[in-house]
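Participant: Input query.cif, format and content: mmCIF, C-alpha atoms.
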```cif
data_start
loop_
_atom_site.label_atom_id
_atom_site.label_comp_id
_atom_site.auth_asym_id
_atom_site.auth_seq_id
_atom_site.Cartn_x
_atom_site.Cartn_y
_atom_site.Cartn_z
CA MET A 237 -22.23 -88.50 44.62
CA THR A 238 -23.21 -91.82 43.06
CA PRO A 239 -22.19 -92.79 39.51
CA ARG A 240 -25.87 -92.77 38.50
CA VAL A 241 -26.24 -89.12 39.64
CA LEU A 242 -23.07 -88.15 37.77
CA VAL A 243 -24.39 -89.74 34.59
CA LEU A 244 -27.70 -87.89 35.03
CA ILE A 245 -25.94 -84.54 35.50
CA ALA A 246 -23.73 -85.18 32.47
CA SER A 247 -26.80 -86.01 30.36
CA LEU A 248 -28.57 -82.85 31.48
CA MET A 249 -25.48 -80.74 30.72
CA LEU A 250 -25.17 -82.32 27.26
CA GLY A 251 -28.82 -81.59 26.58
CA PHE A 252 -28.34 -78.00 27.76
CA CYS A 253 -25.34 -77.54 25.46
CA GLN A 254 -27.26 -78.96 22.52
CA ALA A 255 -30.23 -76.74 23.26
CA TRP A 256 -28.04 -73.64 23.45
CA ALA A 257 -25.68 -74.44 20.60
CA ALA A 258 -24.57 -71.44 18.53
CA PRO A 259 -26.80 -70.89 15.50
CA GLU A 260 -25.48 -72.06 12.17
CA THR A 261 -25.53 -68.43 10.99
CA PRO A 262 -24.76 -66.23 13.99
CA TYR A 263 -26.32 -62.77 14.04
CA PRO A 264 -28.80 -63.61 11.28
CA SER A 265 -30.62 -60.97 9.28
CA THR A 266 -34.10 -60.13 10.52
CA TYR A 267 -34.81 -57.79 7.60
CA LYS A 268 -38.23 -58.20 6.06
CA PRO A 269 -39.62 -55.74 3.51
CA ALA A 270 -42.49 -53.63 4.75
CA ASP A 271 -45.86 -53.86 3.09
CA SER A 272 -45.97 -51.70 -0.02
CA GLN A 273 -48.56 -50.33 -2.40
CA PRO A 274 -48.31 -51.28 -6.08
CA ALA A 275 -46.79 -48.51 -8.20
CA LEU A 276 -46.66 -47.80 -11.92
CA ILE A 277 -43.98 -45.45 -13.28
CA LYS A 278 -45.09 -44.32 -16.73
CA GLY A 279 -43.17 -43.00 -19.72
CA ALA A 280 -39.66 -42.86 -18.24
CA ASN A 281 -36.23 -43.28 -19.78
CA ILE A 282 -35.12 -46.50 -18.09
CA LEU A 283 -31.53 -47.58 -17.55
CA THR A 284 -31.84 -51.21 -16.51
CA ALA A 285 -28.10 -51.95 -16.11
CA GLU A 286 -28.95 -55.04 -18.20
CA GLY A 287 -29.00 -53.52 -21.69
CA PRO A 288 -29.74 -50.40 -23.73
CA VAL A 289 -31.75 -47.46 -22.39
CA GLN A 290 -35.48 -47.93 -22.88
CA GLU A 291 -37.20 -44.67 -23.76
CA ASN A 292 -40.82 -43.78 -22.97
CA THR A 293 -41.21 -47.01 -21.00
CA ASP A 294 -43.31 -48.06 -18.01
CA LEU A 295 -42.24 -50.01 -14.94
CA LEU A 296 -44.66 -51.83 -12.64
CA ILE A 297 -43.90 -52.64 -9.00
CA GLN A 298 -46.01 -55.06 -6.98
CA ASP A 299 -45.41 -56.98 -3.74
CA GLY A 300 -41.95 -55.45 -3.48
CA LYS A 301 -40.80 -56.83 -6.84
CA ILE A 302 -40.43 -55.57 -10.38
CA VAL A 303 -43.21 -57.37 -12.24
CA ALA A 304 -43.06 -55.77 -15.69
CA ILE A 305 -41.07 -53.33 -17.85
CA GLY A 306 -42.61 -52.23 -21.13
CA GLN A 307 -44.97 -49.82 -22.81
CA ASN A 308 -48.63 -49.20 -22.06
CA LEU A 309 -48.61 -51.33 -18.94
CA SER A 310 -51.74 -51.71 -16.84
CA ALA A 311 -51.76 -51.41 -13.08
CA PRO A 312 -53.95 -52.73 -10.24
CA ALA A 313 -56.77 -50.45 -9.10
CA ASN A 314 -54.94 -49.50 -5.88
CA ALA A 315 -51.62 -48.65 -7.56
CA ILE A 316 -49.83 -45.32 -7.28
CA ILE A 317 -49.50 -43.91 -10.81
CA MET A 318 -46.49 -41.69 -11.52
CA ASP A 319 -46.10 -39.73 -14.73
CA ALA A 320 -42.35 -39.85 -15.41
CA GLY A 321 -42.32 -38.34 -18.89
CA GLY A 322 -38.84 -36.91 -19.53
CA LYS A 323 -37.51 -38.35 -16.28
CA TRP A 324 -35.12 -41.24 -15.74
CA VAL A 325 -35.32 -44.49 -13.80
CA THR A 326 -32.33 -46.55 -12.64
CA PRO A 327 -31.65 -49.37 -10.21
CA GLY A 328 -30.89 -48.26 -6.67
CA ILE A 329 -27.25 -47.26 -6.23
CA ILE A 330 -24.99 -49.74 -4.42
CA ASP A 331 -21.95 -48.39 -2.58
CA ILE A 332 -19.36 -51.15 -2.25
CA HIS A 333 -17.14 -49.17 0.13
CA SER A 334 -18.86 -47.35 2.97
CA HIS A 335 -18.13 -46.67 6.63
CA LEU A 336 -21.57 -45.33 7.51
CA GLY A 337 -22.60 -46.49 10.94
CA VAL A 338 -19.12 -47.57 12.01
CA PHE A 339 -17.62 -44.09 11.52
CA SER A 340 -20.73 -42.52 12.95
CA SER A 341 -19.37 -39.16 14.01
CA PRO A 342 -16.59 -37.77 11.78
CA GLY A 343 -15.86 -34.96 14.22
CA VAL A 344 -15.68 -37.10 17.36
CA PRO A 345 -12.75 -39.57 17.27
CA SER A 346 -14.07 -41.47 20.29
CA MET A 347 -17.12 -42.47 18.25
CA ARG A 348 -15.19 -43.76 15.26
CA ASN A 349 -15.81 -47.47 15.68
CA GLY A 350 -14.40 -48.64 12.35
CA ASN A 351 -10.81 -49.47 13.33
CA GLU A 352 -9.92 -52.00 16.03
CA LYS A 353 -6.51 -50.43 16.67
CA THR A 354 -5.11 -53.20 18.82
CA GLY A 355 -2.96 -55.13 16.38
CA LYS A 356 -1.98 -55.64 12.78
CA ASN A 357 -4.40 -58.56 12.45
CA THR A 358 -7.92 -58.09 13.76
CA ALA A 359 -9.69 -60.45 11.34
CA GLU A 360 -11.82 -61.59 14.27
CA VAL A 361 -13.90 -58.39 14.39
CA TRP A 362 -17.08 -57.87 12.37
CA ALA A 363 -18.13 -54.42 11.16
CA GLU A 364 -21.79 -55.14 11.93
CA HIS A 365 -21.01 -55.20 15.64
CA SER A 366 -20.08 -51.50 15.49
CA ILE A 367 -22.85 -50.21 13.24
CA TRP A 368 -25.09 -47.52 14.71
CA PRO A 369 -28.32 -47.75 12.67
CA GLN A 370 -29.34 -44.19 13.59
CA ASP A 371 -26.34 -42.66 11.83
CA PRO A 372 -27.98 -39.79 9.87
CA GLY A 373 -25.64 -40.59 7.00
CA PHE A 374 -27.91 -43.48 6.04
CA GLU A 375 -30.83 -41.11 5.53
CA LEU A 376 -28.75 -38.69 3.47
CA ALA A 377 -27.41 -41.56 1.35
CA ARG A 378 -30.98 -42.70 0.64
CA LYS A 379 -31.78 -39.19 -0.60
CA GLY A 380 -28.90 -39.66 -3.03
CA GLY A 381 -30.43 -42.86 -4.40
CA VAL A 382 -28.33 -45.36 -2.41
CA THR A 383 -30.34 -48.47 -1.55
CA THR A 384 -27.59 -50.96 -0.56
CA LEU A 385 -24.18 -50.55 1.06
CA ALA A 386 -21.21 -52.71 1.96
CA ILE A 387 -20.01 -51.49 5.34
CA LEU A 388 -16.30 -52.14 5.86
CA PRO A 389 -13.95 -51.79 8.81
CA GLY A 390 -11.28 -49.13 8.38
CA SER A 391 -7.79 -49.56 6.95
CA ALA A 392 -5.61 -49.30 10.06
CA ASN A 393 -4.78 -53.02 10.06
CA LEU A 394 -3.36 -55.56 7.65
CA PHE A 395 -6.57 -57.49 8.35
CA GLY A 396 -9.29 -55.11 9.50
CA GLY A 397 -12.19 -57.52 9.96
CA ARG A 398 -15.37 -58.70 8.25
CA SER A 399 -17.57 -56.47 6.14
CA VAL A 400 -21.37 -56.64 6.03
CA THR A 401 -23.89 -55.81 3.31
CA VAL A 402 -26.98 -53.84 4.39
CA LYS A 403 -30.20 -52.60 2.90
CA ASN A 404 -30.41 -48.84 3.42
CA VAL A 405 -33.62 -48.94 5.43
CA PRO A 406 -34.52 -47.33 8.76
CA SER A 407 -34.02 -49.83 11.58
CA VAL A 408 -33.37 -49.98 15.30
CA SER A 409 -30.92 -52.85 14.87
CA VAL A 410 -28.26 -53.82 12.38
CA GLN A 411 -29.91 -57.21 12.02
CA GLY A 412 -32.93 -55.36 10.66
CA MET A 413 -30.73 -53.87 7.93
CA LYS A 414 -28.61 -56.89 7.00
CA PHE A 415 -29.09 -58.06 3.44
CA PRO A 416 -30.40 -61.62 3.86
CA ASP A 417 -27.84 -64.31 3.01
CA ALA A 418 -25.30 -61.88 1.57
CA PRO A 419 -21.77 -63.37 1.77
CA TYR A 420 -19.22 -61.85 4.11
CA GLY A 421 -16.09 -60.03 2.98
CA LEU A 422 -12.73 -59.42 4.65
CA LYS A 423 -11.24 -55.93 4.70
CA MET A 424 -7.48 -55.91 4.21
CA ALA A 425 -5.10 -52.98 3.75
CA CYS A 426 -1.67 -52.61 2.22
CA GLY A 427 0.64 -49.63 2.01
CA GLU A 428 1.17 -46.90 4.53
CA ASN A 429 -1.97 -47.20 6.66
CA PRO A 430 -1.02 -50.38 8.59
CA ILE A 431 2.51 -49.04 9.04
CA PHE A 432 1.11 -46.37 11.37
CA TYR A 433 1.36 -48.99 14.11
CA ALA A 434 5.11 -48.34 14.10
CA ALA A 435 4.43 -45.05 15.89
CA ARG A 436 3.13 -47.09 18.83
CA GLY A 437 6.07 -49.44 18.85
CA ASN A 438 4.29 -52.28 17.07
CA ASP A 439 5.17 -53.94 13.80
CA PRO A 440 4.86 -53.53 10.86
CA PHE A 441 7.34 -50.69 10.43
CA THR A 442 7.78 -51.21 6.68
CA ARG A 443 6.13 -52.64 3.59
CA MET A 444 8.37 -55.67 4.11
CA GLY A 445 6.72 -56.05 7.51
CA ASN A 446 3.30 -55.79 5.88
CA MET A 447 4.01 -58.72 3.58
CA ALA A 448 5.52 -60.79 6.39
CA GLY A 449 2.38 -60.15 8.45
CA TYR A 450 0.07 -61.35 5.68
CA ARG A 451 2.13 -64.47 5.07
CA SER A 452 2.39 -65.45 8.73
CA ALA A 453 -1.35 -65.04 9.20
CA PHE A 454 -2.22 -67.14 6.16
CA ILE A 455 0.23 -69.88 7.18
CA ASP A 456 -1.65 -70.18 10.48
CA ALA A 457 -4.98 -70.08 8.63
CA GLN A 458 -3.88 -72.88 6.29
CA ALA A 459 -3.13 -75.13 9.25
CA TYR A 460 -6.47 -74.25 10.86
CA LEU A 461 -8.37 -74.96 7.63
CA GLU A 462 -6.58 -78.28 7.04
CA LYS A 463 -7.52 -79.50 10.54
CA GLN A 464 -11.07 -78.34 9.95
CA GLN A 465 -11.28 -80.22 6.65
CA ARG A 466 -9.91 -83.38 8.27
CA GLY A 467 -12.54 -83.12 10.99
CA GLU A 468 -9.95 -82.76 13.75
CA LYS A 469 -10.96 -81.18 17.04
CA GLN A 470 -9.55 -77.71 17.63
CA LYS A 471 -10.43 -74.68 19.69
CA ARG A 472 -12.59 -72.23 17.79
CA ASP A 473 -10.55 -69.16 16.76
CA LEU A 474 -12.55 -66.24 15.34
CA ARG A 475 -9.51 -64.71 13.65
CA LEU A 476 -8.43 -67.90 11.92
CA GLU A 477 -12.04 -68.76 11.12
CA THR A 478 -12.30 -65.62 8.98
CA LEU A 479 -8.95 -66.17 7.26
CA ALA A 480 -9.81 -69.82 6.62
CA GLY A 481 -13.03 -68.58 5.01
CA VAL A 482 -10.93 -66.55 2.58
CA LEU A 483 -8.77 -69.57 1.75
CA SER A 484 -11.83 -71.77 1.19
CA GLY A 485 -13.52 -69.18 -1.01
CA GLU A 486 -16.48 -68.58 1.31
CA ILE A 487 -15.35 -65.03 2.14
CA THR A 488 -14.26 -62.52 -0.48
CA THR A 489 -11.53 -59.91 -0.04
CA HIS A 490 -11.77 -56.13 -0.16
CA ILE A 491 -8.20 -54.81 -0.28
CA HIS A 492 -7.35 -51.15 0.34
CA CYS A 493 -4.39 -50.64 -2.00
CA TYR A 494 -3.32 -47.58 -4.00
CA ARG A 495 -0.05 -48.36 -5.79
CA ALA A 496 0.34 -50.62 -8.80
CA ASP A 497 3.48 -52.29 -7.43
CA GLU A 498 1.69 -53.19 -4.20
CA MET A 499 -1.31 -54.59 -6.03
CA MET A 500 1.12 -56.84 -7.91
CA GLN A 501 2.59 -57.97 -4.56
CA MET A 502 -0.90 -58.80 -3.30
CA ILE A 503 -1.62 -60.81 -6.44
CA ASP A 504 1.52 -62.86 -5.79
CA LEU A 505 0.42 -63.30 -2.17
CA SER A 506 -2.96 -64.63 -3.30
CA LYS A 507 -1.23 -67.14 -5.57
CA GLU A 508 1.11 -68.28 -2.80
CA PHE A 509 -1.85 -69.16 -0.57
CA GLY A 510 -4.39 -70.07 -3.23
CA PHE A 511 -7.12 -67.51 -2.58
CA LYS A 512 -8.95 -65.22 -4.97
CA ILE A 513 -8.73 -61.44 -4.64
CA GLY A 514 -12.21 -59.98 -4.97
CA THR A 515 -11.69 -56.24 -5.28
CA PHE A 516 -8.91 -53.69 -4.95
CA HIS A 517 -10.32 -50.54 -3.37
CA HIS A 518 -9.12 -47.00 -4.13
CA ALA A 519 -6.54 -48.41 -6.55
CA THR A 520 -5.55 -45.01 -7.96
CA GLU A 521 -2.71 -46.60 -9.97
CA ALA A 522 -4.80 -49.48 -11.30
CA TYR A 523 -4.58 -48.04 -14.82
CA LYS A 524 -0.90 -49.04 -14.88
CA ILE A 525 -1.77 -52.73 -14.54
CA ALA A 526 -5.23 -52.77 -16.15
CA ASP A 527 -4.38 -55.68 -18.45
CA THR A 528 -3.13 -57.78 -15.51
CA LEU A 529 -6.23 -57.02 -13.47
CA ALA A 530 -8.46 -58.01 -16.38
CA GLU A 531 -6.52 -61.23 -16.94
CA GLU A 532 -6.65 -62.15 -13.24
CA GLY A 533 -10.37 -61.30 -12.99
CA ILE A 534 -9.80 -58.83 -10.16
CA ALA A 535 -12.29 -55.99 -9.76
CA VAL A 536 -11.50 -52.37 -8.90
CA ALA A 537 -13.59 -49.93 -6.84
CA THR A 538 -12.28 -46.39 -7.06
CA TRP A 539 -13.12 -42.69 -7.34
CA ALA A 540 -13.67 -40.67 -10.50
CA ASP A 541 -11.01 -38.08 -9.79
CA ARG A 542 -9.19 -37.90 -6.47
CA TRP A 543 -5.53 -36.95 -6.40
CA GLY A 544 -2.73 -35.83 -4.11
CA PHE A 545 -4.30 -36.19 -0.68
CA LYS A 546 -1.37 -38.43 0.29
CA LEU A 547 1.82 -39.68 -1.35
CA GLU A 548 0.24 -42.97 -2.44
CA ALA A 549 -2.27 -40.99 -4.51
CA TYR A 550 0.24 -38.74 -6.31
CA ASP A 551 0.11 -40.82 -9.50
CA ALA A 552 -3.70 -40.84 -9.72
CA VAL A 553 -5.20 -39.79 -13.06
CA PRO A 554 -8.78 -38.78 -13.98
CA LEU A 555 -8.85 -41.40 -16.75
CA ASN A 556 -8.35 -44.31 -14.33
CA VAL A 557 -11.99 -45.44 -14.37
CA ALA A 558 -12.43 -45.26 -18.14
CA ALA A 559 -9.07 -46.94 -18.76
CA LEU A 560 -10.10 -49.87 -16.57
CA GLU A 561 -13.45 -50.17 -18.35
CA TRP A 562 -11.76 -50.17 -21.75
CA ALA A 563 -9.32 -52.86 -20.60
CA GLY A 564 -12.18 -55.14 -19.55
CA VAL A 565 -11.72 -54.79 -15.79
CA HIS A 566 -14.79 -55.24 -13.57
CA THR A 567 -15.02 -51.54 -12.69
CA MET A 568 -16.93 -49.83 -9.88
CA LEU A 569 -17.16 -46.47 -8.15
CA HIS A 570 -17.26 -46.19 -4.37
CA SER A 571 -17.63 -43.43 -1.81
CA ASP A 572 -15.47 -44.10 1.29
CA SER A 573 -17.20 -40.94 2.51
CA ALA A 574 -20.40 -39.81 4.22
CA ILE A 575 -20.49 -36.91 1.75
CA LEU A 576 -19.58 -38.62 -1.52
CA VAL A 577 -22.10 -41.41 -0.94
CA GLN A 578 -24.82 -38.81 -1.52
CA ARG A 579 -23.73 -38.20 -5.11
CA LEU A 580 -22.24 -41.35 -6.57
CA ASN A 581 -24.28 -40.68 -9.72
CA LEU A 582 -22.17 -37.55 -10.26
CA GLU A 583 -18.96 -39.54 -9.70
CA ALA A 584 -20.03 -41.65 -12.66
CA GLY A 585 -20.76 -38.49 -14.65
CA MET A 586 -17.27 -37.15 -13.89
CA ALA A 587 -15.66 -40.38 -15.08
CA MET A 588 -17.70 -40.17 -18.29
CA ALA A 589 -16.48 -36.59 -18.79
CA SER A 590 -12.83 -37.66 -18.35
CA ALA A 591 -13.34 -40.21 -21.12
CA ARG A 592 -14.78 -37.54 -23.42
CA HIS A 593 -11.71 -35.38 -22.79
CA ALA A 594 -9.69 -38.28 -24.19
CA ASP A 595 -11.91 -38.29 -27.29
CA ARG A 596 -13.63 -41.54 -26.37
CA GLU A 597 -17.10 -42.17 -25.06
CA ILE A 598 -18.38 -44.07 -22.05
CA SER A 599 -22.07 -44.77 -22.60
CA ARG A 600 -24.78 -44.33 -19.97
CA GLU A 601 -25.33 -48.08 -20.17
CA GLU A 602 -21.70 -48.70 -19.16
CA ALA A 603 -21.59 -46.01 -16.49
CA ILE A 604 -24.75 -47.10 -14.66
CA ARG A 605 -23.20 -50.53 -14.14
CA TRP A 606 -20.34 -49.00 -12.12
CA ILE A 607 -22.74 -48.05 -9.33
CA THR A 608 -25.40 -50.77 -9.57
CA ILE A 609 -24.99 -54.25 -11.03
CA ASN A 610 -21.18 -54.40 -10.90
CA PRO A 611 -21.01 -53.93 -7.11
CA ALA A 612 -24.00 -56.28 -6.74
CA ILE A 613 -22.01 -58.98 -8.55
CA LYS A 614 -18.96 -58.57 -6.31
CA LEU A 615 -21.16 -58.62 -3.20
CA GLY A 616 -22.88 -61.81 -4.33
CA ILE A 617 -26.39 -60.28 -4.43
CA ASP A 618 -26.84 -59.69 -8.18
CA ASP A 619 -29.47 -62.42 -8.42
CA ARG A 620 -31.76 -60.20 -6.33
CA THR A 621 -30.79 -56.57 -6.89
CA GLY A 622 -28.48 -54.28 -8.88
CA SER A 623 -30.50 -54.15 -12.10
CA LEU A 624 -34.07 -53.64 -13.25
CA LYS A 625 -35.42 -57.00 -14.25
CA GLU A 626 -38.69 -58.84 -13.72
CA GLY A 627 -38.62 -60.74 -10.44
CA LYS A 628 -35.86 -58.70 -8.81
CA MET A 629 -36.24 -56.55 -5.71
CA ALA A 630 -37.85 -53.23 -6.51
CA ASP A 631 -34.81 -51.16 -5.48
CA ILE A 632 -35.44 -48.23 -7.81
CA VAL A 633 -34.63 -44.53 -8.19
CA LEU A 634 -36.74 -42.04 -10.15
CA TRP A 635 -34.50 -39.13 -11.18
CA SER A 636 -35.70 -35.68 -12.16
CA ASP A 637 -33.18 -35.55 -15.03
CA ASP A 638 -30.39 -37.50 -16.69
CA PRO A 639 -28.85 -39.23 -13.62
CA PHE A 640 -25.35 -38.24 -14.71
CA SER A 641 -26.25 -34.54 -14.81
CA VAL A 642 -25.48 -32.09 -12.00
CA TYR A 643 -29.14 -31.06 -12.22
CA ALA A 644 -30.45 -34.54 -11.41
CA VAL A 645 -32.23 -35.13 -8.11
CA ALA A 646 -33.41 -38.47 -6.77
CA GLU A 647 -37.11 -37.60 -6.55
CA LYS A 648 -38.34 -40.99 -5.40
CA VAL A 649 -36.41 -43.92 -3.95
CA PHE A 650 -37.99 -47.35 -3.50
CA ILE A 651 -36.43 -50.19 -1.52
CA ASP A 652 -38.23 -53.50 -2.01
CA GLY A 653 -41.09 -51.49 -3.43
CA VAL A 654 -41.42 -49.30 -0.32
CA LEU A 655 -41.30 -45.57 -1.11
CA LEU A 656 -38.72 -44.29 1.38
CA VAL A 657 -37.82 -40.99 -0.30
CA ASP A 658 -40.44 -38.78 -1.90
CA ARG A 659 -39.29 -35.22 -2.54
CA GLU A 660 -42.65 -34.32 -4.03
CA ALA A 661 -44.61 -35.23 -0.90
CA ASP A 662 -46.69 -32.47 0.67
CA GLU A 663 -44.87 -32.77 3.97
CA ALA A 664 -41.09 -32.66 4.11
CA GLU A 665 -39.46 -35.82 5.43
CA PRO A 666 -38.40 -35.24 9.05
CA GLU A 667 -34.65 -35.02 9.47
CA SER A 668 -32.71 -37.00 12.04
CA ASP A 669 -32.25 -35.35 15.42
CA PHE A 670 -28.61 -36.37 15.15
CA LEU A 671 -28.09 -33.86 12.34
CA VAL A 672 -28.46 -31.06 14.87
CA GLY A 673 -25.10 -29.36 15.30
CA GLN A 674 -23.41 -31.19 12.42
CA SER A 675 -21.32 -28.89 10.26
CA VAL A 676 -21.97 -28.43 6.56
CA ARG A 677 -18.55 -29.90 5.83
CA GLU A 678 -19.40 -33.10 7.71
CA MET A 679 -22.92 -33.98 6.71
CA ALA A 680 -24.71 -31.44 4.53
CA GLN A 681 -26.21 -32.60 1.28
#
```
Can you give me the file's structure in the form of structure tokens?

Facilitator:
Amino acid sequence: MTPRVLVLIASLMLGFCQAWAAPETPYPSTYKPADSQPALIKGANILTAEGPVQENTDLLIQDGKIVAIGQNLSAPANAIIMDAGGKWVTPGIIDIHSHLGVFSSPGVPSMRNGNEKTGKNTAEVWAEHSIWPQDPGFELARKGGVTTLAILPGSANLFGGRSVTVKNVPSVSVQGMKFPDAPYGLKMACGENPIFYAARGNDPFTRMGNMAGYRSAFIDAQAYLEKQQRGEKQKRDLRLETLAGVLSGEITTHIHCYRADEMMQMIDLSKEFGFKIGTFHHATEAYKIADTLAEEGIAVATWADRWGFKLEAYDAVPLNVAALEWAGVHTMLHSDSAILVQRLNLEAGMAMASARHADREISREEAIRWITINPAIKLGIDDRTGSLKEGKMADIVLWSDDPFSVYAVAEKVFIDGVLLVDREADEAEPESDFLVGQSVREMAQ
């Protein structure tokens, strides 16, 4: 083969490589809002998550956006008009800790695709690559007013993998659900969950082993990031790429951690390697270090009242949520459950009740933030959703009653102005075929 032919082949191969180079954003979102009819909700009590409740107020939706909030609003001739006198309107609920789609069948372990149980560090995996969009849990969550979810890998690993933020819309692909341009997160776990590997003969066996595993991984990630920043050639490593993203601040952290002492260890770890902890999840002992969490600017996503289901949760208290709010911590409620995701509004109501039992009040304006704008902020999407404001996505719930009441039902749920739940429609919404045979304990609303 002549030198000229070799040069020609090399040129063709180079052109082929350039033509087929990996996209700058792999697995991009293809979500586009469906066409929607303008809608005017009239005379509602509106909790915007931006300020005080607005009574007897109208809200106008057009082209998938909130275009006006006020009294005596006019609507286009083709608008749906809804009389909401005595009813309540809130932003769509955002669940910052969900496993819908990746834990698609609670009763069938072989279908639980949320834990890559092959090592203590699986930062290379991405939750979106396990999501089953037809999981009927998405539909049931929508009926509970949930319009956006952060889907996380499970907590079997020190580093479980990347999270993904999705719009809760029907889709045949996860790309059709992905929230456009939402930043990635990394799921981490401390405590007893990663230690379960010891039963299979793998480290870590102890909490000491957990910390050593974090430190070793971040040491490798530091070296990878430094080479990257110097422009040095190196083999692409998906695991180190994710960890380097945490160190550079491009990827936030979602850390499963119950005990106060372990949260303090994780804070020290973050300072050793210079990264920012985004959110501690579950965090049933966060009340013990509320002042530290507020000072460090670390958020907490937890439950209203969950105690005793394992040793790490024995020191949980019902006042945890209110205590964090009063201390100035960025506070949120999460589900971690296909059942609880259907009633996160009641979780907020329970946390409000715990505060009243301590002779202090949590206002509706504070409580609605726990399940709307606060998670939107931590997910990096608060410029587009999470509150009711002119120009934002029309992710909206019309409730039959005070949303923190056990009598409240999400009557209508809009996502980008599209009416996806309408309990007052003449024909009942068809249920997923995949609900057939599911037990009440697993999936029932």

Participant: Taking only C-alpha atoms into account, which of A:Val402, A:Ile431, A:Ile332, A:Ala304 comes nearest Arg443 (chain A)?

Facilitator: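 Answer, going by the shortest atom-to-atom distance: A:Ile431.
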
Participant: Kindly provide the residues of region 504-585 of chain A that approach region 383-387 of chain A to within 10 Å, each paired with its closest atom pair and their distance in Å to one decimal, based on only C-alpha atoms, listed by chain and increasing number, as JSON lines.

Facilitator:
```
{"residue": "A:His570", "atom": "CA", "partner": "A:Leu385", "partner_atom": "CA", "distance": 9.8}
{"residue": "A:Asp572", "atom": "CA", "partner": "A:Ile387", "partner_atom": "CA", "distance": 9.6}
{"residue": "A:Val577", "atom": "CA", "partner": "A:Leu385", "partner_atom": "CA", "distance": 9.6}
```

Participant: Starting from the shown file, work through the PyMOL selection byres ((chain A and resi 303) around 10) and note down what comes out as a VMD selection string.

Facilitator: chain A and resid 295 to 302 304 to 305 624 to 630

Participant: Nearest residue to Asp417 (chain A) out of A:Ala603, A:Val400, A:Val289, A:Ala435, using only C-alpha atoms?

Facilitator: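 Closest to Asp417 (chain A), using only C-alpha atoms: A:Val400.
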
Participant: Apply the PyMOL selection byres ((chain A and resi 520) around 12) to the file shown and report the selected residues as a compact mmCIF listing (two decimals) with C-alpha atoms, in the coordinates of the input.

Facilitator:
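File produced: result_29.txt:
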```
# COMPACT_ATOMS: atom_id res chain seq x y z
CA HIS A 492 -7.35 -51.15 0.34
CA CYS A 493 -4.39 -50.64 -2.00
CA TYR A 494 -3.32 -47.58 -4.00
CA ARG A 495 -0.05 -48.36 -5.79
CA ALA A 496 0.34 -50.62 -8.80
CA ASP A 497 3.48 -52.29 -7.43
CA GLU A 498 1.69 -53.19 -4.20
CA MET A 499 -1.31 -54.59 -6.03
CA PHE A 516 -8.91 -53.69 -4.95
CA HIS A 517 -10.32 -50.54 -3.37
CA HIS A 518 -9.12 -47.00 -4.13
CA ALA A 519 -6.54 -48.41 -6.55
CA GLU A 521 -2.71 -46.60 -9.97
CA ALA A 522 -4.80 -49.48 -11.30
CA TYR A 523 -4.58 -48.04 -14.82
CA LYS A 524 -0.90 -49.04 -14.88
CA ILE A 525 -1.77 -52.73 -14.54
CA ALA A 526 -5.23 -52.77 -16.15
CA VAL A 536 -11.50 -52.37 -8.90
CA ALA A 537 -13.59 -49.93 -6.84
CA THR A 538 -12.28 -46.39 -7.06
CA TRP A 539 -13.12 -42.69 -7.34
CA ALA A 540 -13.67 -40.67 -10.50
CA ASP A 541 -11.01 -38.08 -9.79
CA ARG A 542 -9.19 -37.90 -6.47
CA TRP A 543 -5.53 -36.95 -6.40
CA GLY A 544 -2.73 -35.83 -4.11
CA PHE A 545 -4.30 -36.19 -0.68
CA LYS A 546 -1.37 -38.43 0.29
CA LEU A 547 1.82 -39.68 -1.35
CA GLU A 548 0.24 -42.97 -2.44
CA ALA A 549 -2.27 -40.99 -4.51
CA TYR A 550 0.24 -38.74 -6.31
CA ASP A 551 0.11 -40.82 -9.50
CA ALA A 552 -3.70 -40.84 -9.72
CA VAL A 553 -5.20 -39.79 -13.06
CA PRO A 554 -8.78 -38.78 -13.98
CA LEU A 555 -8.85 -41.40 -16.75
CA ASN A 556 -8.35 -44.31 -14.33
CA VAL A 557 -11.99 -45.44 -14.37
CA ALA A 559 -9.07 -46.94 -18.76
CA LEU A 560 -10.10 -49.87 -16.57
CA LEU A 569 -17.16 -46.47 -8.15
```

Participant: Between CA of Gly381 (chain A) and CA of Pro406 (chain A), what is the distance, to one decimal in Å?

Facilitator: 14.5 Å

Participant: Give as a ChimeraX atom specification each residue that has an atom at most 12 Å from (-7.2, -59.0, 14.6) in the file, counting only C-alpha atoms.

Facilitator: /A:351-362,389,392-398,422-424,449-450,453,473-479

Participant: Selected by the PyMOL selection byres ((chain A and resi 284) around 7) in the shown coordinates: which residues, as a list in words?

Facilitator: Ile282, Leu283, Ala285, Glu286, Gly287, Val289, Thr326, Pro327, Ser623 and Leu624 of chain A

Participant: Would you list the contacts of Ala558 (chain A) as a ChimeraX atom specification, taking every protein, DNA or RNA residue within 8 Å and counting all atoms listed in the file, but skipping same-chain residues closer than 2 positions in sequence?

Facilitator: /A:555-556,560-562,587-588,590-591,598

Participant: Given only C-alpha atoms as the basis, pick out the residue of A:Ala589, A:Leu582, A:Ile330, A:Met500 nearest to Ser641 (chain A).

Facilitator: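 Ranking A:Ala589, A:Leu582, A:Ile330, A:Met500 by distance to Ser641 (chain A), first place goes to A:Leu582.
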
Participant: Rounded to one decimal in Å, what is the spacing between CA of Thr488 (chain A) and CA of Asp618 (chain A)?

Facilitator: 15.0 Å

Participant: Identify which of the residues A:His593, A:Lys379, A:Arg466, A:His333 lies closest to Val645 (chain A), counting only C-alpha atoms when measuring atom-to-atom distances.

Facilitator: A:Lys379
